[in-house]
Structures are given as C-alpha cells and as structure tokens.
file my_file21.pdb (PDB, C-alpha atoms, pLDDT in the B column)
ATOM      1  CA  MET A  20       0.000   0.000   0.000  1.00 43.00           C
ATOM      2  CA  SER A  21       1.430   3.362  -0.944  1.00 45.00           C
ATOM      3  CA  ILE A  22       1.796   6.157   1.585  1.00 43.00           C
ATOM      4  CA  TYR A  23      -0.698   8.181  -0.472  1.00 49.00           C
ATOM      5  CA  ARG A  24      -3.281   5.418  -0.235  1.00 50.00           C
ATOM      6  CA  LYS A  25      -2.791   5.046   3.517  1.00 55.00           C
ATOM      7  CA  ASP A  26      -3.007   8.800   4.073  1.00 89.00           C
ATOM      8  CA  MET A  27      -6.007   9.099   1.757  1.00 94.00           C
ATOM      9  CA  ARG A  28      -7.832   6.332   3.644  1.00 94.00           C
ATOM     10  CA  GLY A  29      -7.405   8.300   6.854  1.00 94.00           C
ATOM     11  CA  ILE A  30      -8.608  11.500   5.214  1.00 96.00           C
ATOM     12  CA  ILE A  31     -11.657   9.712   3.797  1.00 97.00           C
ATOM     13  CA  VAL A  32     -12.478   8.101   7.143  1.00 97.00           C
ATOM     14  CA  ASP A  33     -12.127  11.404   9.022  1.00 96.00           C
ATOM     15  CA  SER A  34     -14.400  13.112   6.498  1.00 97.00           C
ATOM     16  CA  PHE A  35     -16.855  10.215   6.673  1.00 98.00           C
ATOM     17  CA  ILE A  36     -17.032  10.581  10.464  1.00 97.00           C
ATOM     18  CA  GLU A  37     -17.592  14.336  10.210  1.00 97.00           C
ATOM     19  CA  GLU A  38     -20.441  13.737   7.775  1.00 97.00           C
ATOM     20  CA  PHE A  39     -21.878  10.988   9.975  1.00 97.00           C
ATOM     21  CA  ASN A  40     -21.857  13.345  12.937  1.00 96.00           C
ATOM     22  CA  LEU A  41     -23.766  15.928  10.882  1.00 97.00           C
ATOM     23  CA  HIS A  42     -26.178  13.738   8.928  1.00 96.00           C
ATOM     24  CA  GLY A  43     -26.139  10.379  10.676  1.00 95.00           C
ATOM     25  CA  PRO A  44     -26.239   7.291   8.483  1.00 95.00           C
ATOM     26  CA  LYS A  45     -28.062   9.186   5.737  1.00 95.00           C
ATOM     27  CA  LEU A  46     -24.699  10.643   4.706  1.00 96.00           C
ATOM     28  CA  THR A  47     -23.629   9.890   1.167  1.00 96.00           C
ATOM     29  CA  LEU A  48     -20.261   9.328  -0.382  1.00 97.00           C
ATOM     30  CA  ASP A  49     -20.991  12.476  -2.401  1.00 97.00           C
ATOM     31  CA  ASP A  50     -21.079  14.363   0.925  1.00 97.00           C
ATOM     32  CA  VAL A  51     -17.680  12.915   1.798  1.00 97.00           C
ATOM     33  CA  CYS A  52     -16.286  13.820  -1.628  1.00 96.00           C
ATOM     34  CA  ALA A  53     -17.558  17.390  -1.391  1.00 97.00           C
ATOM     35  CA  ARG A  54     -16.092  17.845   2.091  1.00 96.00           C
ATOM     36  CA  ILE A  55     -12.558  16.933   1.015  1.00 96.00           C
ATOM     37  CA  HIS A  56     -12.770  17.856  -2.681  1.00 95.00           C
ATOM     38  CA  ILE A  57     -12.115  14.437  -4.165  1.00 96.00           C
ATOM     39  CA  SER A  58     -13.906  12.271  -6.696  1.00 95.00           C
ATOM     40  CA  LYS A  59     -15.849   9.112  -5.900  1.00 96.00           C
ATOM     41  CA  LYS A  60     -13.216   7.281  -7.901  1.00 96.00           C
ATOM     42  CA  THR A  61     -10.717   8.198  -5.179  1.00 96.00           C
ATOM     43  CA  ILE A  62     -13.013   6.781  -2.514  1.00 97.00           C
ATOM     44  CA  TYR A  63     -13.507   3.585  -4.512  1.00 97.00           C
ATOM     45  CA  ARG A  64      -9.742   3.156  -4.826  1.00 95.00           C
ATOM     46  CA  ASN A  65      -9.651   2.992  -1.036  1.00 96.00           C
ATOM     47  CA  PHE A  66     -13.016   1.519  -0.009  1.00 97.00           C
ATOM     48  CA  ASN A  67     -15.584  -0.582  -1.840  1.00 96.00           C
ATOM     49  CA  SER A  68     -18.630   1.158  -0.353  1.00 96.00           C
ATOM     50  CA  LYS A  69     -20.027   3.225   2.474  1.00 96.00           C
ATOM     51  CA  ASP A  70     -20.510   0.005   4.433  1.00 96.00           C
ATOM     52  CA  ASP A  71     -16.841  -0.820   3.873  1.00 97.00           C
ATOM     53  CA  ILE A  72     -15.919   2.385   5.715  1.00 97.00           C
ATOM     54  CA  TYR A  73     -18.173   1.450   8.634  1.00 96.00           C
ATOM     55  CA  VAL A  74     -16.553  -1.997   8.750  1.00 96.00           C
ATOM     56  CA  TYR A  75     -13.065  -0.463   8.674  1.00 96.00           C
ATOM     57  CA  ILE A  76     -13.906   1.701  11.708  1.00 96.00           C
ATOM     58  CA  LEU A  77     -15.629  -1.157  13.553  1.00 94.00           C
ATOM     59  CA  GLU A  78     -12.799  -3.637  12.993  1.00 94.00           C
ATOM     60  CA  ASP A  79     -10.216  -1.125  14.158  1.00 95.00           C
ATOM     61  CA  ALA A  80     -12.285  -0.361  17.284  1.00 93.00           C
ATOM     62  CA  VAL A  81     -12.649  -4.077  18.058  1.00 93.00           C
ATOM     63  CA  ASN A  82      -8.903  -4.593  17.624  1.00 94.00           C
ATOM     64  CA  GLN A  83      -8.186  -1.681  19.967  1.00 95.00           C
ATOM     65  CA  ILE A  84     -10.550  -3.097  22.592  1.00 94.00           C
ATOM     66  CA  ARG A  85      -9.068  -6.585  22.420  1.00 94.00           C
ATOM     67  CA  ALA A  86      -5.506  -5.293  22.685  1.00 96.00           C
ATOM     68  CA  ARG A  87      -6.384  -3.034  25.610  1.00 97.00           C
ATOM     69  CA  GLN A  88      -8.267  -5.835  27.416  1.00 96.00           C
ATOM     70  CA  GLU A  89      -5.254  -8.119  27.175  1.00 97.00           C
ATOM     71  CA  GLU A  90      -2.967  -5.345  28.391  1.00 98.00           C
ATOM     72  CA  ILE A  91      -5.212  -4.642  31.397  1.00 98.00           C
ATOM     73  CA  TYR A  92      -5.634  -8.322  32.206  1.00 98.00           C
ATOM     74  CA  LYS A  93      -1.866  -8.896  32.249  1.00 98.00           C
ATOM     75  CA  ASP A  94      -1.070  -5.746  34.267  1.00 98.00           C
ATOM     76  CA  GLU A  95       0.105  -7.125  37.613  1.00 97.00           C
ATOM     77  CA  ARG A  96       0.054  -3.672  39.215  1.00 98.00           C
ATOM     78  CA  LEU A  97      -3.749  -3.605  39.097  1.00 98.00           C
ATOM     79  CA  SER A  98      -6.062  -5.353  41.552  1.00 97.00           C
ATOM     80  CA  ILE A  99      -8.861  -7.543  40.241  1.00 97.00           C
ATOM     81  CA  ALA A 100     -11.390  -4.785  41.007  1.00 97.00           C
ATOM     82  CA  GLU A 101      -9.264  -2.228  39.150  1.00 97.00           C
ATOM     83  CA  LYS A 102      -8.939  -4.574  36.182  1.00 98.00           C
ATOM     84  CA  LEU A 103     -12.695  -5.148  36.086  1.00 97.00           C
ATOM     85  CA  ARG A 104     -13.381  -1.399  36.077  1.00 97.00           C
ATOM     86  CA  ALA A 105     -10.692  -0.731  33.488  1.00 97.00           C
ATOM     87  CA  ILE A 106     -11.987  -3.435  31.141  1.00 96.00           C
ATOM     88  CA  LEU A 107     -15.576  -2.221  31.486  1.00 95.00           C
ATOM     89  CA  THR A 108     -14.611   1.361  30.651  1.00 95.00           C
ATOM     90  CA  ILE A 109     -12.164   0.910  27.769  1.00 94.00           C
ATOM     91  CA  GLU A 110     -12.350   3.702  25.227  1.00 93.00           C
ATOM     92  CA  THR A 111     -11.191   3.462  21.650  1.00 93.00           C
ATOM     93  CA  SER A 112      -9.763   6.319  19.628  1.00 94.00           C
ATOM     94  CA  TRP A 113     -13.031   6.362  17.662  1.00 93.00           C
ATOM     95  CA  GLU A 114     -15.258   7.218  20.614  1.00 90.00           C
ATOM     96  CA  SER A 115     -14.000  10.792  20.800  1.00 90.00           C
ATOM     97  CA  LYS A 116     -14.570  11.266  17.065  1.00 95.00           C
ATOM     98  CA  ILE A 117     -17.928   9.613  16.355  1.00 94.00           C
ATOM     99  CA  ASP A 118     -21.267  10.819  17.706  1.00 92.00           C
ATOM    100  CA  LEU A 119     -22.216   7.465  19.185  1.00 89.00           C
ATOM    101  CA  SER A 120     -25.662   8.755  20.137  1.00 88.00           C
ATOM    102  CA  ARG A 121     -26.526   8.485  16.427  1.00 91.00           C
ATOM    103  CA  LEU A 122     -25.539   4.827  15.996  1.00 89.00           C
ATOM    104  CA  HIS A 123     -29.073   3.609  16.715  1.00 89.00           C
ATOM    105  CA  GLU A 124     -30.104   5.316  13.454  1.00 92.00           C
ATOM    106  CA  LEU A 125     -28.122   2.651  11.611  1.00 92.00           C
ATOM    107  CA  SER A 126     -30.748   0.059  12.554  1.00 90.00           C
ATOM    108  CA  GLU A 127     -33.008   1.441   9.839  1.00 91.00           C
ATOM    109  CA  GLU A 128     -30.531   2.954   7.411  1.00 92.00           C
ATOM    110  CA  SER A 129     -27.853   0.214   7.411  1.00 93.00           C
ATOM    111  CA  PRO A 130     -29.257  -2.791   9.305  1.00 94.00           C
ATOM    112  CA  ASN A 131     -26.378  -5.089   8.314  1.00 95.00           C
ATOM    113  CA  ILE A 132     -23.820  -2.685   9.745  1.00 94.00           C
ATOM    114  CA  PHE A 133     -25.918  -2.168  12.867  1.00 91.00           C
ATOM    115  CA  ALA A 134     -26.092  -5.953  13.344  1.00 91.00           C
ATOM    116  CA  ARG A 135     -22.291  -6.161  12.980  1.00 91.00           C
ATOM    117  CA  ILE A 136     -21.834  -3.501  15.649  1.00 88.00           C
ATOM    118  CA  LEU A 137     -24.072  -5.383  18.050  1.00 85.00           C
ATOM    119  CA  SER A 138     -22.431  -8.722  17.265  1.00 86.00           C
ATOM    120  CA  ALA A 139     -19.035  -7.205  18.090  1.00 83.00           C
ATOM    121  CA  TYR A 140     -20.175  -7.379  21.710  1.00 73.00           C
ATOM    122  CA  GLU A 141     -20.480 -11.153  21.506  1.00 76.00           C
ATOM    123  CA  ASP A 142     -16.731 -11.747  21.360  1.00 75.00           C
ATOM    124  CA  SER A 143     -15.368  -9.189  23.775  1.00 83.00           C
ATOM    125  CA  TRP A 144     -16.054 -10.773  27.160  1.00 93.00           C
ATOM    126  CA  GLU A 145     -13.284 -13.356  27.571  1.00 94.00           C
ATOM    127  CA  TYR A 146     -11.086 -11.324  29.908  1.00 96.00           C
ATOM    128  CA  LEU A 147     -14.006 -10.043  31.965  1.00 96.00           C
ATOM    129  CA  GLY A 148     -15.151 -13.629  32.461  1.00 96.00           C
ATOM    130  CA  LYS A 149     -11.670 -14.697  33.560  1.00 97.00           C
ATOM    131  CA  LEU A 150     -11.486 -11.803  36.024  1.00 97.00           C
ATOM    132  CA  LEU A 151     -14.885 -12.619  37.490  1.00 97.00           C
ATOM    133  CA  VAL A 152     -13.805 -16.219  38.094  1.00 97.00           C
ATOM    134  CA  GLU A 153     -10.495 -15.064  39.589  1.00 97.00           C
ATOM    135  CA  GLY A 154     -12.391 -12.566  41.733  1.00 97.00           C
ATOM    136  CA  LEU A 155     -14.672 -15.312  43.036  1.00 97.00           C
ATOM    137  CA  GLU A 156     -11.661 -17.479  43.892  1.00 97.00           C
ATOM    138  CA  ALA A 157      -9.890 -14.558  45.615  1.00 97.00           C
ATOM    139  CA  GLY A 158     -13.001 -13.509  47.559  1.00 97.00           C
ATOM    140  CA  VAL A 159     -13.135 -10.112  45.808  1.00 97.00           C
ATOM    141  CA  VAL A 160     -16.361 -10.920  43.962  1.00 97.00           C
ATOM    142  CA  LYS A 161     -19.484 -11.853  45.936  1.00 97.00           C
ATOM    143  CA  LYS A 162     -20.020 -15.613  46.257  1.00 96.00           C
ATOM    144  CA  ASP A 163     -23.485 -15.582  44.659  1.00 96.00           C
ATOM    145  CA  VAL A 164     -22.264 -13.922  41.437  1.00 96.00           C
ATOM    146  CA  HIS A 165     -22.550 -16.005  38.275  1.00 97.00           C
ATOM    147  CA  PRO A 166     -20.010 -14.738  35.697  1.00 96.00           C
ATOM    148  CA  LYS A 167     -22.012 -15.773  32.626  1.00 95.00           C
ATOM    149  CA  LEU A 168     -25.130 -14.071  33.977  1.00 96.00           C
ATOM    150  CA  VAL A 169     -23.205 -10.862  34.773  1.00 95.00           C
ATOM    151  CA  ILE A 170     -21.755 -10.836  31.264  1.00 94.00           C
ATOM    152  CA  ALA A 171     -25.168 -11.443  29.693  1.00 93.00           C
ATOM    153  CA  PHE A 172     -26.649  -8.487  31.596  1.00 93.00           C
ATOM    154  CA  LEU A 173     -23.716  -6.190  30.798  1.00 92.00           C
ATOM    155  CA  ARG A 174     -23.757  -7.137  27.119  1.00 89.00           C
ATOM    156  CA  ALA A 175     -27.489  -6.470  26.890  1.00 88.00           C
ATOM    157  CA  ASP A 176     -27.123  -3.141  28.681  1.00 88.00           C
ATOM    158  CA  MET A 177     -24.276  -2.001  26.424  1.00 85.00           C
ATOM    159  CA  GLU A 178     -26.138  -3.064  23.294  1.00 83.00           C
ATOM    160  CA  ALA A 179     -29.221  -1.193  24.502  1.00 84.00           C
ATOM    161  CA  LEU A 180     -27.220   2.038  24.482  1.00 82.00           C
ATOM    162  CA  TYR A 181     -27.143   1.730  20.689  1.00 78.00           C
ATOM    163  CA  ASP A 182     -30.261  -0.235  19.972  1.00 71.00           C
ATOM    164  CA  LYS A 183     -32.755   1.956  21.787  1.00 72.00           C
ATOM    165  CA  GLY A 184     -31.163   5.332  21.210  1.00 74.00           C
ATOM    166  CA  LEU A 185     -30.730   5.694  24.957  1.00 82.00           C
ATOM    167  CA  LEU A 186     -27.640   7.845  24.535  1.00 81.00           C
ATOM    168  CA  SER A 187     -29.460  10.480  22.537  1.00 79.00           C
ATOM    169  CA  GLU A 188     -32.413  10.398  24.944  1.00 83.00           C
ATOM    170  CA  SER A 189     -30.330  10.543  28.124  1.00 83.00           C
ATOM    171  CA  GLY A 190     -28.001  13.318  27.066  1.00 83.00           C
ATOM    172  CA  LEU A 191     -25.076  11.242  28.315  1.00 85.00           C
ATOM    173  CA  THR A 192     -22.001  10.584  26.267  1.00 85.00           C
ATOM    174  CA  TYR A 193     -21.094   6.970  25.606  1.00 86.00           C
ATOM    175  CA  THR A 194     -18.176   7.277  28.030  1.00 87.00           C
ATOM    176  CA  GLN A 195     -20.432   8.674  30.777  1.00 90.00           C
ATOM    177  CA  ALA A 196     -23.052   5.973  30.239  1.00 91.00           C
ATOM    178  CA  ILE A 197     -20.477   3.170  30.274  1.00 92.00           C
ATOM    179  CA  SER A 198     -18.853   4.586  33.411  1.00 93.00           C
ATOM    180  CA  ARG A 199     -22.215   4.645  35.211  1.00 93.00           C
ATOM    181  CA  LEU A 200     -23.013   1.151  34.003  1.00 92.00           C
ATOM    182  CA  ALA A 201     -19.630  -0.051  35.305  1.00 94.00           C
ATOM    183  CA  ASP A 202     -20.301   1.614  38.681  1.00 95.00           C
ATOM    184  CA  PHE A 203     -23.682  -0.132  39.009  1.00 94.00           C
ATOM    185  CA  ALA A 204     -22.274  -3.498  37.974  1.00 94.00           C
ATOM    186  CA  LEU A 205     -19.237  -3.352  40.231  1.00 95.00           C
ATOM    187  CA  GLU A 206     -21.278  -2.175  43.204  1.00 95.00           C
ATOM    188  CA  GLY A 207     -23.470  -5.233  42.785  1.00 94.00           C
ATOM    189  CA  ILE A 208     -20.726  -7.822  42.353  1.00 95.00           C
ATOM    190  CA  LEU A 209     -17.725  -6.718  44.421  1.00 95.00           C
ATOM    191  CA  VAL A 210     -17.276  -7.495  48.093  1.00 95.00           C
ATOM    192  CA  GLU A 211     -17.201  -4.244  50.054  1.00 82.00           C
TER     193      GLU A 211
END

call {"tool": "encode", "arguments": {"input": "my_file21.pdb", "output": "structure tokens"}}
result
Amino acid sequence: MSIYRKDMRGIIVDSFIEEFNLHGPKLTLDDVCARIHISKKTIYRNFNSKDDIYVYILEDAVNQIRARQEEIYKDERLSIAEKLRAILTIETSWESKIDLSRLHELSEESPNIFARILSAYEDSWEYLGKLLVEGLEAGVVKKDVHPKLVIAFLRADMEALYDKGLLSESGLTYTQAISRLADFALEGILVE
C-alpha cells in the first residue's frame, strides 16, 4: 500500500465521520467527496462502499478493545477490582470522534452494519469472564455472582445504548453511560 493510499484512507475516514456526525447514516459518499474535494473514484480506490468504511472503523475499534483488554488483564500492578473497572470502561480512539448517540439510526438505514456492531459485543467478554472467576476465587467478587449471567446483563445493557437510542435520549455521552453502568455493575458484584 502506498503512503498516499494510507493517508487518503485516513482523510476519507475522518471526512466520513464528520459527515456521519452531521447527517447520521443518511450521509452519502458524495457528501464525503464534497467535504474533502475528491472524486468518488478516489473513494472507490480505497473503499468498496459506504458500508466498507463502517466496517473499517468497527474492525479497528474491536482490535483496539481486544488489545487493551489483554494489556489490562496482564497488568500485575492492578487489583482484580481495578482490572474489572478498566476493562468495562475501555475507550477506543473512535469514541471521541464519532457521535455514538446516532448509531441507533443505523438500525433502519444500514441494518447489516448495525447488526455487525451489536455482534461485536459477543466476542469481547473473555477477559471479563476470567477476572470474574479469579475474583470469586480470591473472595473479591461476591459468592453468589454467576459470571455468565453478569456478562449477559452487561452485554445487553451495552447493546441497549445503541439499539434503543438511549444515549441520545439521556443526554449522556457513551463514556459517561459506560462509566455509570460499570459503577452499578461493580457495586453489585464486588465485596465491600
């Protein structure tokens, strides 16, 4: 891949995000082209479609989350409780760029992409599950906590932030909502 292509991909993605923040998923590639004064041909040299740009962002976010989870899990300086909180509140570089309160709009405009976003939550619980089991064994997590049940509730709650448009209704940012969700969850599962 040439440097130009790599740089152009970043420029296209940044413009795409700016247009998404303005217009939501109704944005068009023409909007992106007009913003950065390029032709559609340039976009198609870098991405196959609008959905391809969404997938690029999603896959990068998932990779960031997985890498950060592993890093937190292996950090011996952190207690189990600190690791649980850190894993529950991981932020990607995309969260400060994208208006996540608009993601629920994808359910109608781009249902396949919306389904991919929600399914990304299915695979990101391995380290949390390990920490819950370790916390039970160490007496840090309450004895009556069932790790799979906790994960199922957390996954459903996080998905609901997108699926129901709760972010836009609550006025909370994604980071604020996740932080509050983590507080509620940890209060319920950790030994005082």

call {"tool": "residues_around", "arguments": {"input": "my_file21.pdb", "residues": "A:Glu124", "least_positions_apart": "2", "cutoff": "8 Å", "atoms": "all atoms listed in the file", "output": "list in words"}}
result
Gly43, Pro44, Arg121, Leu122, Ser126, Glu127, Glu128 and Gly184 of chain A

call {"tool": "resolve_selection", "arguments": {"input": "my_file21.pdb", "expression": "the PyMOL selection byres ((chain A and resi 147-151) around 7)", "output": "list in words"}}
result
Ile99, Leu103, Ile106, Trp144, Glu145, Tyr146, Val152, Glu153, Gly154, Leu155, Val160 and Pro166 of chain A

call {"tool": "residues_around", "arguments": {"input": "my_file21.pdb", "residues": "stretch 51-61 of chain A", "least_positions_apart": "3", "cutoff": "6 Å", "atoms": "all atoms listed in the file", "output": "number ranges by chain"}}
result
A: 34-35, 48, 64

call {"tool": "write_last_selection", "arguments": {"input": "my_file21.pdb", "atoms": "C-alpha atoms", "output": "short mmCIF file (atom, residue, chain, number, x, y, z; two decimals), in the frame of the given file"}}
result
data_model
loop_
_atom_site.label_atom_id
_atom_site.label_comp_id
_atom_site.auth_asym_id
_atom_site.auth_seq_id
_atom_site.Cartn_x
_atom_site.Cartn_y
_atom_site.Cartn_z
CA SER A 34 -14.40 13.11 6.50
CA PHE A 35 -16.86 10.22 6.67
CA LEU A 48 -20.26 9.33 -0.38
CA ARG A 64 -9.74 3.16 -4.83
#

call {"tool": "closest_residue", "arguments": {"input": "my_file21.pdb", "among": "A:Leu205, A:Val210, A:Ile136, A:Ala175", "to": "A:Gly158", "atoms": "only C-alpha atoms"}}
result
A:Val210

call {"tool": "closest_residue", "arguments": {"input": "my_file21.pdb", "among": "A:Arg28, A:Lys102, A:Lys116, A:Lys45", "to": "A:Asn67", "atoms": "all atoms listed in the file"}}
result
A:Arg28

call {"tool": "resolve_selection", "arguments": {"input": "my_file21.pdb", "expression": "the PyMOL selection byres ((chain A and resi 183) around 12)", "output": "list of chain:residue names"}}
result
A:Ser120, A:Arg121, A:Leu122, A:His123, A:Glu124, A:Leu125, A:Ser126, A:Glu127, A:Phe133, A:Leu137, A:Ala175, A:Asp176, A:Met177, A:Glu178, A:Ala179, A:Leu180, A:Tyr181, A:Asp182, A:Gly184, A:Leu185, A:Leu186, A:Ser187, A:Glu188, A:Ser189

call {"tool": "write_last_selection", "arguments": {"input": "my_file21.pdb", "atoms": "C-alpha atoms", "output": "PDB file, keeping the file's coordinate frame"}}
result
ATOM      1  CA  SER A 120     -25.662   8.755  20.137  1.00 88.00           C
ATOM      2  CA  ARG A 121     -26.526   8.485  16.427  1.00 91.00           C
ATOM      3  CA  LEU A 122     -25.539   4.827  15.996  1.00 89.00           C
ATOM      4  CA  HIS A 123     -29.073   3.609  16.715  1.00 89.00           C
ATOM      5  CA  GLU A 124     -30.104   5.316  13.454  1.00 92.00           C
ATOM      6  CA  LEU A 125     -28.122   2.651  11.611  1.00 92.00           C
ATOM      7  CA  SER A 126     -30.748   0.059  12.554  1.00 90.00           C
ATOM      8  CA  GLU A 127     -33.008   1.441   9.839  1.00 91.00           C
ATOM      9  CA  PHE A 133     -25.918  -2.168  12.867  1.00 91.00           C
ATOM     10  CA  LEU A 137     -24.072  -5.383  18.050  1.00 85.00           C
ATOM     11  CA  ALA A 175     -27.489  -6.470  26.890  1.00 88.00           C
ATOM     12  CA  ASP A 176     -27.123  -3.141  28.681  1.00 88.00           C
ATOM     13  CA  MET A 177     -24.276  -2.001  26.424  1.00 85.00           C
ATOM     14  CA  GLU A 178     -26.138  -3.064  23.294  1.00 83.00           C
ATOM     15  CA  ALA A 179     -29.221  -1.193  24.502  1.00 84.00           C
ATOM     16  CA  LEU A 180     -27.220   2.038  24.482  1.00 82.00           C
ATOM     17  CA  TYR A 181     -27.143   1.730  20.689  1.00 78.00           C
ATOM     18  CA  ASP A 182     -30.261  -0.235  19.972  1.00 71.00           C
ATOM     19  CA  GLY A 184     -31.163   5.332  21.210  1.00 74.00           C
ATOM     20  CA  LEU A 185     -30.730   5.694  24.957  1.00 82.00           C
ATOM     21  CA  LEU A 186     -27.640   7.845  24.535  1.00 81.00           C
ATOM     22  CA  SER A 187     -29.460  10.480  22.537  1.00 79.00           C
ATOM     23  CA  GLU A 188     -32.413  10.398  24.944  1.00 83.00           C
ATOM     24  CA  SER A 189     -30.330  10.543  28.124  1.00 83.00           C
TER      25      SER A 189
END

call {"tool": "closest_residue", "arguments": {"input": "my_file21.pdb", "among": "A:Phe172, A:Ser112, A:Gln88, A:Asp118", "to": "A:Ser143", "atoms": "all atoms listed in the file"}}
result
A:Gln88

call {"tool": "closest_atom_pairs", "arguments": {"input": "my_file21.pdb", "of": "stretch 59-114 of chain A", "to": "stretch 191-199 of chain A", "cutoff": "12 Å", "atoms": "all atoms listed in the file", "output": "CSV"}}
result
residue,atom,partner,partner_atom,distance
A:Leu103,CA,A:Ser198,CA,11.8
A:Arg104,CA,A:Ser198,CA,8.5
A:Ala105,CA,A:Ser198,CA,9.7
A:Ile106,CA,A:Ile197,CA,10.8
A:Leu107,CA,A:Ile197,CA,7.4
A:Thr108,CA,A:Ser198,CA,6.0
A:Ile109,CA,A:Thr194,CA,8.8
A:Glu110,CA,A:Thr194,CA,7.4
A:Thr111,CA,A:Thr194,CA,10.2
A:Ser112,CA,A:Thr194,CA,11.9
A:Trp113,CA,A:Tyr193,CA,11.3
A:Glu114,CA,A:Tyr193,CA,7.7

call {"tool": "atom_distance", "arguments": {"input": "my_file21.pdb", "atom1": "atom CA of A:Lys161", "atom2": "atom CA of A:Ser138"}}
result
29.0 Å

call {"tool": "closest_residue", "arguments": {"input": "my_file21.pdb", "among": "A:Ser98, A:Ser115, A:Ser129, A:Asn40", "to": "A:Val74", "atoms": "all atoms listed in the file"}}
result
A:Ser129

call {"tool": "build_atoms", "arguments": {"input": "my_file21.pdb", "residues": "stretch 135-142 of chain A", "atoms": "all heavy atoms", "output": "compact mmCIF listing (two decimals), in the coordinates of the input"}}
result
# COMPACT_ATOMS: atom_id res chain seq x y z
N ARG A 135 -23.72 -5.88 12.76
CA ARG A 135 -22.29 -6.16 12.98
C ARG A 135 -21.77 -5.45 14.22
O ARG A 135 -20.94 -5.99 14.95
CB ARG A 135 -21.46 -5.76 11.77
CG ARG A 135 -21.57 -6.76 10.64
CD ARG A 135 -20.64 -6.43 9.53
NE ARG A 135 -19.30 -6.92 9.82
CZ ARG A 135 -18.39 -7.11 8.90
NH1 ARG A 135 -18.66 -6.87 7.63
NH2 ARG A 135 -17.19 -7.53 9.23
N ILE A 136 -22.24 -4.23 14.45
CA ILE A 136 -21.83 -3.50 15.65
C ILE A 136 -22.29 -4.26 16.89
O ILE A 136 -21.52 -4.48 17.82
CB ILE A 136 -22.40 -2.06 15.64
CG1 ILE A 136 -21.70 -1.24 14.56
CG2 ILE A 136 -22.23 -1.40 17.01
CD1 ILE A 136 -22.35 0.11 14.27
N LEU A 137 -23.55 -4.66 16.90
CA LEU A 137 -24.07 -5.38 18.05
C LEU A 137 -23.38 -6.73 18.23
O LEU A 137 -23.09 -7.13 19.36
CB LEU A 137 -25.59 -5.57 17.94
CG LEU A 137 -26.42 -4.29 17.99
CD1 LEU A 137 -27.90 -4.62 17.94
CD2 LEU A 137 -26.09 -3.45 19.21
N SER A 138 -23.09 -7.42 17.14
CA SER A 138 -22.43 -8.72 17.26
C SER A 138 -20.99 -8.59 17.74
O SER A 138 -20.42 -9.54 18.27
CB SER A 138 -22.50 -9.50 15.96
OG SER A 138 -21.64 -8.95 14.99
N ALA A 139 -20.39 -7.41 17.59
CA ALA A 139 -19.04 -7.20 18.09
C ALA A 139 -18.99 -7.39 19.60
O ALA A 139 -17.95 -7.75 20.16
CB ALA A 139 -18.52 -5.82 17.71
N TYR A 140 -20.12 -7.18 20.26
CA TYR A 140 -20.18 -7.38 21.71
C TYR A 140 -20.13 -8.85 22.10
O TYR A 140 -19.84 -9.18 23.24
CB TYR A 140 -21.43 -6.73 22.29
CG TYR A 140 -21.31 -5.25 22.44
CD1 TYR A 140 -21.90 -4.40 21.52
CD2 TYR A 140 -20.58 -4.69 23.47
CE1 TYR A 140 -21.78 -3.02 21.64
CE2 TYR A 140 -20.44 -3.32 23.60
CZ TYR A 140 -21.04 -2.50 22.68
OH TYR A 140 -20.91 -1.15 22.79
N GLU A 141 -20.44 -9.73 21.19
CA GLU A 141 -20.48 -11.15 21.51
C GLU A 141 -19.10 -11.72 21.84
O GLU A 141 -18.99 -12.63 22.64
CB GLU A 141 -21.08 -11.94 20.33
CG GLU A 141 -22.50 -11.56 19.98
CD GLU A 141 -23.48 -11.84 21.09
OE1 GLU A 141 -23.36 -12.87 21.77
OE2 GLU A 141 -24.37 -10.99 21.28
N ASP A 142 -18.06 -11.16 21.24
CA ASP A 142 -16.73 -11.75 21.36
C ASP A 142 -15.79 -11.00 22.30
O ASP A 142 -14.62 -11.35 22.39
CB ASP A 142 -16.07 -11.80 19.97
CG ASP A 142 -16.86 -12.63 18.99
OD1 ASP A 142 -17.49 -13.61 19.42
OD2 ASP A 142 -16.87 -12.29 17.78
